[in-house]
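What follows is one structure encoded as structure tokens, with my remarks underneath.
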Amino acid sequence: MFYNHHIFVCTNQKDEIGKAVAKALKIEVKKHGLKSLLIGGTKHKNRVQTCNCLDACKQCKKGPGAAVVIYPEGVFYGNVRPKDAADIVREHLAAGRVITRLLID
């Protein structure tokens with residue numbers, strides 16, 4: 001199976017916010033019709049899942065949000081809150097634009 005984007009949300013340091021961010025991302029992916037696409041006879045999927053640790057704890061401690069990494073690009077976002085899910089799906093997944101305000105520096 002091929003994933004167009006595989007999104008991991010850390011729940012190690014902040015379990016509740018991580019789960020809330022993952023849920024919001026899943027809702028937005030489905031809402032924008034990006035959960036599963038058939039392009040040129042090939043099925044493309046975008047998958048959101050929680051994970052135990054992204055080794056971005058230093059960044060996570062800086063704010064109330066969770067760390068998120070999106071593959072295949074390997075873009076790390078920090079301090080992500082559920083309200084950021086729509087921007088991530090619309091800008092990053094659908095349009096291919098990195099959201100600089102959320103980037104981990």
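Ordering of the structure tokens sets the chain letters (A, B, ...); residue numbers start at 1 within each chain; ligands are numbered from 1 in the order shown.
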Every residue of chain A that DSSP places in helix (DSSP H, G or I), as a PyMOL selection string: chain A and resi 15-31+57-60+82-94+100-102
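For Arg97 in chain A, the list of residues within 12 Å, based on only C-alpha atoms and with local chain neighbours fewer than 4 positions off taken out, reads Glu73, Val75, Asp87, Ile88, Val89, Arg90, Glu91, His92, Leu93, Arg101 and Leu103 of chain A.
Among the candidates A:Tyr71, A:Ile27, A:Thr11, A:Arg81, the one nearest to Thr50 in chain A when counting only C-alpha atoms is A:Thr11.
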Nearest to Asn52 in chain A by atom-to-atom distance, counting only C-alpha atoms, from A:Lys83, A:Lys14, A:Lys30, A:Lys35: A:Lys14
Separation of CA of Ile104 in chain A from CA of Phe76 in chain A, in Å and rounded to one decimal: 5.8 Å
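The residue that comes closest to Val21 in chain A, out of A:Cys51, A:Ile70, A:Cys57, A:Val80 and on the basis of only C-alpha atoms, is A:Val80.
Residue nearest His5 in chain A, chosen from A:Ala94, A:Leu102, A:Ala24, A:Ala85 and counting only C-alpha atoms: A:Ala94.
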Backbone-only DSSP, strand (DSSP E) members of chain A, as number ranges by chain: A: 3-10, 36-39, 42-51, 66-71, 75-80
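Residues in contact range of Gly65 in chain A, defined as at most 10 Å between only C-alpha atoms, with sequence neighbours fewer than 2 positions away removed, read Cys10, Lys14, Glu16, Ile17, Gly18, Ala20, Val21, Gln59, Cys60, Lys61, Lys62, Gly63, Ala67, Val68, Tyr77, Gly78, Asn79, Val80, Arg81, Pro82 and Asp84 of chain A.
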Residue selection dump (N, CA and C atoms) as a CSV table (one decimal), in the first residue's frame:
chain,number,residue,atom,x,y,z
A,10,CYS,N,2.8,12.8,18.0
A,10,CYS,CA,3.4,12.3,19.3
A,10,CYS,C,2.4,12.4,20.4
A,14,LYS,N,2.5,14.5,25.9
A,14,LYS,CA,1.2,15.1,26.1
A,14,LYS,C,0.2,14.3,25.4
A,16,GLU,N,-3.1,13.6,26.0
A,16,GLU,CA,-4.4,14.2,25.6
A,16,GLU,C,-4.4,15.1,24.4
A,17,ILE,N,-3.4,16.0,24.4
A,17,ILE,CA,-3.4,17.0,23.3
A,17,ILE,C,-3.0,16.2,22.0
A,18,GLY,N,-2.1,15.2,22.1
A,18,GLY,CA,-1.7,14.5,21.0
A,18,GLY,C,-2.8,13.7,20.3
A,20,ALA,N,-6.0,14.5,20.7
A,20,ALA,CA,-6.9,15.5,20.1
A,20,ALA,C,-6.4,16.0,18.8
A,21,VAL,N,-5.1,16.2,18.6
A,21,VAL,CA,-4.6,16.7,17.3
A,21,VAL,C,-4.8,15.6,16.3
A,59,GLN,N,11.2,20.6,22.0
A,59,GLN,CA,10.3,21.5,21.3
A,59,GLN,C,8.9,21.4,21.9
A,60,CYS,N,8.5,20.2,22.3
A,60,CYS,CA,7.1,20.0,22.8
A,60,CYS,C,7.0,20.7,24.2
A,61,LYS,N,8.0,20.8,24.9
A,61,LYS,CA,7.9,21.5,26.2
A,61,LYS,C,7.8,23.0,26.1
A,62,LYS,N,8.0,23.5,24.9
A,62,LYS,CA,7.9,25.0,24.8
A,62,LYS,C,6.5,25.5,24.7
A,63,GLY,N,5.5,24.7,24.5
A,63,GLY,CA,4.2,25.1,24.3
A,63,GLY,C,3.1,24.1,24.6
A,67,ALA,N,4.0,17.4,19.0
A,67,ALA,CA,4.9,17.4,17.8
A,67,ALA,C,4.2,16.5,16.7
A,68,VAL,N,4.4,16.8,15.5
A,68,VAL,CA,3.9,16.1,14.3
A,68,VAL,C,5.0,16.0,13.3
A,77,TYR,N,6.6,19.5,12.6
A,77,TYR,CA,5.9,20.6,13.2
A,77,TYR,C,5.8,20.5,14.7
A,78,GLY,N,5.9,21.6,15.4
A,78,GLY,CA,5.8,21.6,16.8
A,78,GLY,C,4.7,22.5,17.4
A,79,ASN,N,4.3,22.2,18.6
A,79,ASN,CA,3.3,23.0,19.3
A,79,ASN,C,2.0,23.0,18.5
A,80,VAL,N,1.7,21.9,17.8
A,80,VAL,CA,0.5,21.7,17.0
A,80,VAL,C,-0.7,21.5,17.9
A,81,ARG,N,-1.8,22.3,17.7
A,81,ARG,CA,-3.0,22.1,18.4
A,81,ARG,C,-4.1,21.7,17.5
A,82,PRO,N,-5.2,21.2,18.0
A,82,PRO,CA,-6.3,20.8,17.1
A,82,PRO,C,-6.8,21.8,16.1
A,84,ASP,N,-5.0,23.7,14.5
A,84,ASP,CA,-4.0,23.8,13.4
A,84,ASP,C,-4.3,22.7,12.3
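In this model, the gap between CA of Val48 in chain A and CA of Gln13 in chain A comes to 18.2 Å.
Between CA of His32 in chain A and CA of Asp55 in chain A lies a distance of 29.7 Å.
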